[in-house]
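Asker: Dropping in input.txt, which is compact mmCIF, C-alpha atoms:
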# COMPACT_ATOMS: atom_id res chain seq x y z
CA MET A 1 -88.53 14.18 -69.72
CA ASN A 2 -84.76 14.46 -69.54
CA ASN A 3 -81.99 12.89 -71.61
CA GLN A 4 -82.19 9.62 -69.73
CA GLN A 5 -85.88 9.25 -68.99
CA GLY A 6 -88.67 9.43 -71.49
CA LEU A 7 -92.30 10.23 -70.86
CA ARG A 8 -94.23 8.06 -68.45
CA ILE A 9 -97.41 6.41 -69.64
CA GLY A 10 -99.55 8.90 -67.73
CA GLU A 11 -97.88 11.76 -69.58
CA ILE A 12 -98.83 10.42 -73.01
CA GLU A 13 -101.87 11.90 -74.72
CA LEU A 14 -103.78 10.92 -77.81
CA GLY A 15 -102.62 12.86 -80.85
CA MET A 16 -99.14 13.62 -79.57
CA THR A 17 -96.67 13.60 -82.46
CA ALA A 18 -92.95 13.77 -83.07
CA SER A 19 -91.12 14.24 -86.36
CA TYR A 20 -87.65 13.98 -87.77
CA SER A 21 -86.34 14.86 -91.24
CA GLN A 22 -83.16 13.69 -92.91
CA THR A 23 -81.80 13.76 -96.42
CA ILE A 24 -80.85 10.20 -97.34
CA THR A 25 -77.53 10.18 -99.15
CA ASP A 26 -75.20 7.64 -100.66
CA ALA A 27 -73.41 7.49 -97.29
CA ASP A 28 -76.56 6.24 -95.54
CA ILE A 29 -77.10 3.58 -98.20
CA LYS A 30 -73.53 2.32 -98.05
CA VAL A 31 -73.60 2.23 -94.24
CA PHE A 32 -76.90 0.31 -94.23
CA ALA A 33 -75.62 -2.11 -96.90
CA GLY A 34 -72.62 -2.82 -94.70
CA LEU A 35 -74.66 -3.17 -91.52
CA SER A 36 -77.36 -5.40 -92.96
CA GLY A 37 -75.52 -7.21 -95.73
CA ASP A 38 -78.17 -6.00 -98.19
CA HIS A 39 -76.08 -5.30 -101.28
CA ASN A 40 -79.03 -5.58 -103.66
CA PRO A 41 -77.76 -3.73 -106.77
CA VAL A 42 -80.92 -1.57 -106.93
CA HIS A 43 -79.37 0.17 -103.91
CA ILE A 44 -75.64 0.20 -104.64
CA ASN A 45 -75.09 -0.20 -108.39
CA GLU A 46 -75.93 2.82 -110.53
CA GLU A 47 -75.54 0.96 -113.85
CA TYR A 48 -77.87 -1.83 -112.75
CA ALA A 49 -80.38 0.57 -111.20
CA SER A 50 -80.52 2.67 -114.39
CA LYS A 51 -81.98 -0.36 -116.20
CA SER A 52 -84.45 -1.17 -113.44
CA LYS A 53 -88.03 0.04 -113.18
CA PHE A 54 -86.80 2.81 -110.86
CA LYS A 55 -84.23 4.15 -113.39
CA ARG A 56 -81.82 5.10 -110.59
CA ARG A 57 -80.66 3.88 -107.21
CA ILE A 58 -83.16 3.73 -104.37
CA ALA A 59 -82.57 3.68 -100.63
CA HIS A 60 -83.23 0.60 -98.52
CA GLY A 61 -86.72 0.95 -97.03
CA LEU A 62 -85.47 0.19 -93.54
CA ILE A 63 -83.25 3.29 -93.52
CA SER A 64 -86.34 5.50 -93.51
CA ALA A 65 -88.07 3.13 -91.07
CA SER A 66 -85.12 3.45 -88.69
CA PHE A 67 -86.16 7.05 -88.02
CA PHE A 68 -89.27 5.68 -86.26
CA SER A 69 -86.97 3.77 -83.92
CA ALA A 70 -85.06 7.01 -83.28
CA LEU A 71 -88.24 8.99 -82.58
CA PHE A 72 -89.49 6.38 -80.11
CA GLY A 73 -86.13 5.94 -78.43
CA THR A 74 -85.24 9.58 -78.08
CA LYS A 75 -88.37 11.78 -78.36
CA LEU A 76 -91.78 10.16 -77.95
CA PRO A 77 -91.99 8.49 -75.51
CA GLY A 78 -88.17 8.67 -75.25
CA PRO A 79 -85.47 6.74 -73.37
CA GLY A 80 -86.47 3.58 -71.57
CA CYS A 81 -89.34 2.56 -73.81
CA VAL A 82 -89.43 -0.88 -75.39
CA TYR A 83 -90.26 -1.52 -79.05
CA VAL A 84 -92.94 -4.21 -79.20
CA ALA A 85 -94.07 -4.17 -82.81
CA GLN A 86 -93.67 -2.29 -86.07
CA ASN A 87 -95.70 -2.82 -89.24
CA LEU A 88 -94.41 -1.23 -92.43
CA THR A 89 -95.78 -0.81 -95.93
CA PHE A 90 -93.30 0.57 -98.46
CA ARG A 91 -95.53 2.61 -100.78
CA LYS A 92 -93.08 4.51 -102.96
CA PRO A 93 -89.34 4.37 -103.52
CA VAL A 94 -87.00 6.75 -101.71
CA TYR A 95 -84.26 7.98 -104.04
CA ILE A 96 -80.79 9.18 -103.14
CA ASP A 97 -80.90 12.79 -101.91
CA ASP A 98 -84.61 12.63 -101.09
CA THR A 99 -85.40 14.30 -97.77
CA VAL A 100 -87.52 11.95 -95.68
CA THR A 101 -89.77 13.21 -92.91
CA ALA A 102 -90.74 10.55 -90.37
CA THR A 103 -93.69 11.23 -88.07
CA VAL A 104 -95.08 9.13 -85.24
CA SER A 105 -98.49 9.95 -83.73
CA VAL A 106 -100.21 8.46 -80.68
CA THR A 107 -103.42 6.71 -81.78
CA SER A 108 -104.29 4.66 -78.70
CA ILE A 109 -103.16 4.18 -75.09
CA ASP A 110 -103.64 1.04 -72.97
CA LEU A 111 -102.93 2.18 -69.39
CA SER A 112 -103.57 -1.28 -67.92
CA LYS A 113 -100.83 -2.83 -70.04
CA ASN A 114 -98.54 0.21 -70.30
CA ARG A 115 -98.81 0.12 -74.09
CA VAL A 116 -98.95 3.04 -76.50
CA PHE A 117 -99.97 2.60 -80.12
CA PHE A 118 -98.75 4.86 -82.92
CA SER A 119 -99.29 5.56 -86.56
CA THR A 120 -95.93 5.79 -88.31
CA LEU A 121 -95.49 7.69 -91.55
CA CYS A 122 -92.61 8.69 -93.80
CA THR A 123 -93.12 11.30 -96.50
CA VAL A 124 -91.03 12.82 -99.27
CA LYS A 125 -92.24 16.19 -100.57
CA GLY A 126 -95.58 15.57 -98.89
CA LYS A 127 -96.15 12.15 -100.46
CA THR A 128 -96.31 9.03 -98.33
CA VAL A 129 -93.42 6.65 -98.93
CA ILE A 130 -93.92 4.43 -95.86
CA SER A 131 -97.05 3.93 -93.78
CA GLY A 132 -97.57 1.72 -90.79
CA THR A 133 -98.24 1.29 -87.10
CA ALA A 134 -96.18 0.61 -83.99
CA GLU A 135 -96.67 -0.61 -80.44
CA ILE A 136 -94.48 0.61 -77.59
CA PHE A 137 -94.24 -0.63 -73.99
CA ILE A 138 -93.31 1.86 -71.28
CA PRO A 139 -91.87 0.18 -68.16
CA GLN A 140 -93.29 1.55 -64.91
CA THR A 141 -90.09 1.52 -62.89
CA GLU A 142 -88.52 4.81 -61.92
CA ASP A 143 -85.07 4.13 -63.28
CA CYS A 144 -86.11 2.95 -66.75
CA MET B 1 -80.02 -16.73 -110.38
CA ASN B 2 -76.80 -14.76 -110.84
CA ASN B 3 -75.33 -11.86 -108.91
CA GLN B 4 -77.52 -9.34 -110.68
CA GLN B 5 -80.79 -11.20 -111.19
CA GLY B 6 -82.77 -12.94 -108.51
CA LEU B 7 -85.31 -15.71 -108.93
CA ARG B 8 -88.30 -15.09 -111.17
CA ILE B 9 -91.75 -15.59 -109.75
CA GLY B 10 -92.16 -18.92 -111.56
CA GLU B 11 -89.03 -20.24 -109.88
CA ILE B 12 -90.34 -19.61 -106.36
CA GLU B 13 -91.84 -22.56 -104.49
CA LEU B 14 -93.77 -22.80 -101.26
CA GLY B 15 -91.51 -23.66 -98.35
CA MET B 16 -88.32 -22.28 -99.87
CA THR B 17 -86.15 -20.75 -97.14
CA ALA B 18 -82.99 -18.72 -96.77
CA SER B 19 -81.04 -17.97 -93.60
CA TYR B 20 -78.27 -15.71 -92.40
CA SER B 21 -76.49 -15.59 -89.05
CA GLN B 22 -74.47 -12.76 -87.56
CA THR B 23 -73.12 -11.95 -84.14
CA ILE B 24 -74.35 -8.49 -83.20
CA THR B 25 -71.57 -6.51 -81.62
CA ASP B 26 -71.04 -3.04 -80.21
CA ALA B 27 -69.90 -1.96 -83.68
CA ASP B 28 -73.29 -2.81 -85.20
CA ILE B 29 -75.10 -0.92 -82.46
CA LYS B 30 -72.94 2.19 -82.82
CA VAL B 31 -73.30 2.15 -86.61
CA PHE B 32 -77.08 1.79 -86.37
CA ALA B 33 -77.29 4.55 -83.75
CA GLY B 34 -75.40 6.84 -86.11
CA LEU B 35 -77.46 5.86 -89.15
CA SER B 36 -80.87 6.14 -87.50
CA GLY B 37 -80.25 8.72 -84.81
CA ASP B 38 -81.56 6.26 -82.21
CA HIS B 39 -79.25 6.97 -79.28
CA ASN B 40 -81.67 5.52 -76.72
CA PRO B 41 -79.36 4.83 -73.73
CA VAL B 42 -80.65 1.24 -73.42
CA HIS B 43 -78.57 0.66 -76.55
CA ILE B 44 -75.49 2.82 -76.07
CA ASN B 45 -75.06 3.55 -72.36
CA GLU B 46 -73.85 0.65 -70.23
CA GLU B 47 -74.39 2.45 -66.91
CA TYR B 48 -77.97 3.34 -67.81
CA ALA B 49 -78.70 -0.10 -69.22
CA SER B 50 -77.40 -1.82 -66.08
CA LYS B 51 -80.24 -0.17 -64.13
CA SER B 52 -82.88 -1.02 -66.74
CA LYS B 53 -85.10 -4.09 -66.79
CA PHE B 54 -82.63 -5.67 -69.22
CA LYS B 55 -79.62 -5.21 -66.88
CA ARG B 56 -77.28 -4.63 -69.82
CA ARG B 57 -77.26 -3.04 -73.25
CA ILE B 58 -79.56 -4.44 -75.92
CA ALA B 59 -79.35 -4.12 -79.70
CA HIS B 60 -81.79 -2.05 -81.69
CA GLY B 61 -84.52 -4.38 -82.97
CA LEU B 62 -84.17 -3.12 -86.52
CA ILE B 63 -80.56 -4.34 -86.73
CA SER B 64 -81.79 -7.93 -86.60
CA ALA B 65 -84.72 -7.07 -88.87
CA SER B 66 -82.28 -5.66 -91.43
CA PHE B 67 -81.09 -9.20 -92.11
CA PHE B 68 -84.52 -9.92 -93.64
CA SER B 69 -83.89 -7.08 -96.10
CA ALA B 70 -80.52 -8.63 -96.92
CA LEU B 71 -82.00 -12.09 -97.46
CA PHE B 72 -84.68 -10.74 -99.79
CA GLY B 73 -82.31 -8.46 -101.67
CA THR B 74 -79.49 -10.94 -102.16
CA LYS B 75 -80.74 -14.52 -101.72
CA LEU B 76 -84.49 -15.20 -101.88
CA PRO B 77 -85.76 -14.01 -104.28
CA GLY B 78 -82.57 -11.96 -104.76
CA PRO B 79 -81.64 -8.84 -106.78
CA GLY B 80 -84.39 -6.87 -108.46
CA CYS B 81 -87.17 -7.68 -106.01
CA VAL B 82 -89.14 -4.89 -104.35
CA TYR B 83 -89.94 -4.81 -100.63
CA VAL B 84 -93.68 -4.16 -100.27
CA ALA B 85 -94.34 -4.78 -96.58
CA GLN B 86 -92.73 -6.01 -93.38
CA ASN B 87 -94.48 -6.70 -90.09
CA LEU B 88 -92.31 -7.17 -87.02
CA THR B 89 -92.96 -8.24 -83.46
CA PHE B 90 -89.99 -7.88 -81.12
CA ARG B 91 -90.47 -10.80 -78.70
CA LYS B 92 -87.25 -10.86 -76.72
CA PRO B 93 -84.25 -8.56 -76.40
CA VAL B 94 -81.08 -9.18 -78.39
CA TYR B 95 -77.99 -8.53 -76.27
CA ILE B 96 -74.54 -7.51 -77.44
CA ASP B 97 -72.61 -10.52 -78.73
CA ASP B 98 -75.76 -12.58 -79.30
CA THR B 99 -75.64 -14.47 -82.57
CA VAL B 100 -78.85 -13.83 -84.46
CA THR B 101 -80.12 -16.21 -87.13
CA ALA B 102 -82.62 -14.67 -89.54
CA THR B 103 -84.76 -17.00 -91.66
CA VAL B 104 -87.29 -16.13 -94.37
CA SER B 105 -89.67 -18.82 -95.68
CA VAL B 106 -92.14 -18.67 -98.58
CA THR B 107 -95.68 -19.10 -97.26
CA SER B 108 -97.78 -17.99 -100.24
CA ILE B 109 -97.36 -17.00 -103.88
CA ASP B 110 -99.71 -14.79 -105.94
CA LEU B 111 -98.70 -15.38 -109.55
CA SER B 112 -101.30 -12.97 -110.92
CA LYS B 113 -99.86 -10.08 -108.93
CA ASN B 114 -96.22 -11.18 -108.87
CA ARG B 115 -96.24 -11.19 -105.07
CA VAL B 116 -94.52 -13.60 -102.73
CA PHE B 117 -95.37 -13.77 -99.03
CA PHE B 118 -92.90 -14.84 -96.37
CA SER B 119 -92.69 -15.66 -92.70
CA THR B 120 -89.72 -13.84 -91.18
CA LEU B 121 -88.06 -15.08 -88.01
CA CYS B 122 -85.00 -14.16 -85.96
CA THR B 123 -83.74 -16.54 -83.29
CA VAL B 124 -80.97 -16.49 -80.69
CA LYS B 125 -79.92 -19.90 -79.39
CA GLY B 126 -83.09 -21.40 -80.84
CA LYS B 127 -85.44 -18.91 -79.17
CA THR B 128 -87.52 -16.51 -81.23
CA VAL B 129 -86.53 -12.87 -80.75
CA ILE B 130 -88.42 -11.41 -83.75
CA SER B 131 -91.37 -12.89 -85.62
CA GLY B 132 -93.26 -11.44 -88.53
CA THR B 133 -94.28 -11.56 -92.14
CA ALA B 134 -93.22 -9.88 -95.36
CA GLU B 135 -94.54 -9.25 -98.86
CA ILE B 136 -92.24 -9.00 -101.88
CA PHE B 137 -93.00 -7.92 -105.46
CA ILE B 138 -90.96 -9.46 -108.28
CA PRO B 139 -90.96 -7.33 -111.45
CA GLN B 140 -91.51 -9.36 -114.62
CA THR B 141 -89.08 -7.52 -116.86
CA GLU B 142 -85.92 -9.26 -117.95
CA ASP B 143 -83.48 -6.64 -116.82
CA CYS B 144 -84.78 -6.26 -113.30
Rewrite the structure of this file - the entire thing - as structure tokens.
Answerer:
Amino acid sequence: MNNQQGLRIGEIELGMTASYSQTITDADIKVFAGLSGDHNPVHINEEYASKSKFKRRIAHGLISASFFSALFGTKLPGPGCVYVAQNLTFRKPVYIDDTVTATVSVTSIDLSKNRVFFSTLCTVKGKTVISGTAEIFIPQTEDC
Amino acid sequence: MNNQQGLRIGEIELGMTASYSQTITDADIKVFAGLSGDHNPVHINEEYASKSKFKRRIAHGLISASFFSALFGTKLPGPGCVYVAQNLTFRKPVYIDDTVTATVSVTSIDLSKNRVFFSTLCTVKGKTVISGTAEIFIPQTEDC
């Protein structure tokens, strides 16, 4: 694998994993609010959030989920792959300044259809905040 | 519903929908690449993308999906709701300068558990690019 070409389907093995960790800060939340239009006050309004069930601001769930996209697109399988499906369950809130670790693990490979199936997990301090699964298509052509 | 309080569970009806349309530009793609770390060259490298099966750069799928988060968090049901689950199937690529219309529609309501279930759809020029479903929890408390 180089910067421009990810793993080919024949190079993928069951149990392969890739991880990425990032501290989610106010900057991430404001950027995602601007990108998506999701200005739900539980994310951007400290006074409102302090009266909510969470007691303080929480990050948008899709910020943490976006690390799966990054892992697929840049690490496993890497550049050239196509995102087919992503299922997400948001199990616990992610608070500002939480450090999220996203991990994708190969659970199944369909060589006839060039599909790879993953479990996708985000944790904070060892506790699951997002669980789910993903399906990735790896084109067979040499150049992508 | 006001700016700070979305619909209560008893105000939700089957078939209710909310939509949002946005043209996805290079700016959105660069912002999402920075936020997520997904610098897959199919999204950010025109020369690479021109040799790919897509022939030109495509947007990250989660940019379009983020409009679902915005619809839930700001329109239906609106502020205070909690994202429980989102399932996404990426059916067709979204190219730079495509105008994406995201629509969420109430398909089921569980009053006993304060859950609302939605179909979630993104289209470009009337064709489905993302399909899926979502589950939302609406807290019962007055203040959120």
Asker: In terms of the shortest atom-to-atom distance over all atoms listed in the file, which of A:Thr101, A:Ser52, A:Thr17, A:Gln5 is closest to A:Phe118?
Answerer: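 Looking only at the distances to A:Phe118, the closest residue turns out to be A:Thr17.
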Asker: Dump as a ChimeraX atom specification the residues of chain B that approach chain A to within 8 Å, counting only C-alpha atoms.
Answerer: /B:4,28,31-32,35-42,48,51-53,61-63,66-67,69-71,73-74,78-80,83-91,143-144
Asker: Tell me which residues come within 9 Å of (-92.6, 12.3, -96.7), as a ChimeraX atom specification, counting all atoms listed in the file in the file's coordinates.
Answerer: /A:21,99-103,121-130
Asker: Could you write out that same residue set with C-alpha atoms as a PDB file, keeping the file's coordinate frame?
Answerer:
ATOM      1  CA  SER A  21     -86.340  14.860 -91.240  1.00  0.00           C
ATOM      2  CA  THR A  99     -85.400  14.300 -97.770  1.00  0.00           C
ATOM      3  CA  VAL A 100     -87.520  11.950 -95.680  1.00  0.00           C
ATOM      4  CA  THR A 101     -89.770  13.210 -92.910  1.00  0.00           C
ATOM      5  CA  ALA A 102     -90.740  10.550 -90.370  1.00  0.00           C
ATOM      6  CA  THR A 103     -93.690  11.230 -88.070  1.00  0.00           C
ATOM      7  CA  LEU A 121     -95.490   7.690 -91.550  1.00  0.00           C
ATOM      8  CA  CYS A 122     -92.610   8.690 -93.800  1.00  0.00           C
ATOM      9  CA  THR A 123     -93.120  11.300 -96.500  1.00  0.00           C
ATOM     10  CA  VAL A 124     -91.030  12.820 -99.270  1.00  0.00           C
ATOM     11  CA  LYS A 125     -92.240  16.190-100.570  1.00  0.00           C
ATOM     12  CA  GLY A 126     -95.580  15.570 -98.890  1.00  0.00           C
ATOM     13  CA  LYS A 127     -96.150  12.150-100.460  1.00  0.00           C
ATOM     14  CA  THR A 128     -96.310   9.030 -98.330  1.00  0.00           C
ATOM     15  CA  VAL A 129     -93.420   6.650 -98.930  1.00  0.00           C
ATOM     16  CA  ILE A 130     -93.920   4.430 -95.860  1.00  0.00           C
TER      17      ILE A 130
END
Asker: Which residues are near A:Glu11? Cut-off 12 Å, all atoms listed in the file, ignore same chain within fewer than 4 positions. Put them as a ChimeraX atom specification.
Answerer: /A:1,6-7,16,76-78,106,109,111,114,116,138
Asker: Using all atoms listed in the file, can you tell me which of B:Ala59, B:Val94, B:Ile12, B:Ala18 comes closest to B:Thr120?
Answerer: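 Of B:Ala59, B:Val94, B:Ile12, B:Ala18, the one nearest B:Thr120, counting all atoms listed in the file, is B:Ala18.
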Asker: Mind giving me the straight-line distance from atom CA of B:Val104 to atom CA of A:Arg57 in Å, one decimal?
Answerer: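 Separation between atom CA of B:Val104 and atom CA of A:Arg57: 24.7 Å.
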Asker: Could you work out how far atom CA of A:Gly10 lies from atom CA of A:Lys113, giving the answer in Å with one decimal?
Answerer: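 Straight-line distance from atom CA of A:Lys113 to atom CA of A:Gly10 works out to 12.0 Å.
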Asker: Calculate how many Å separate atom CA of B:Gly15 from atom CA of B:Thr107, rounding to one decimal.
Answerer: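 Atom CA of B:Thr107 lies at a distance of 6.3 Å from atom CA of B:Gly15.
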Asker: Between A:Thr25, A:Ser119, A:Gln140, A:Ser19, single out the one closest to A:Tyr95, counting all atoms listed in the file.
Answerer: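 For A:Tyr95, the nearest of the candidates is A:Thr25.
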Asker: Taking all listed atoms of stretch 22-39 of chain A, build the axis-aligned box, pad each of the six sides by 6 Å, then write its centre and edge lengths in Å to one decimal as lines of an AutoDock Vina configuration file.
Answerer:
center_x = -77.9
center_y = 3.3
center_z = -96.4
size_x = 22.5
size_y = 33.0
size_z = 21.8
Asker: Nearest to A:Ser108 among A:Ile136, A:Lys55, A:Thr23, A:Ile44, with distances taken over all atoms listed in the file: which residue is it?
Answerer: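 So, comparing all the options, the nearest one is A:Ile136.
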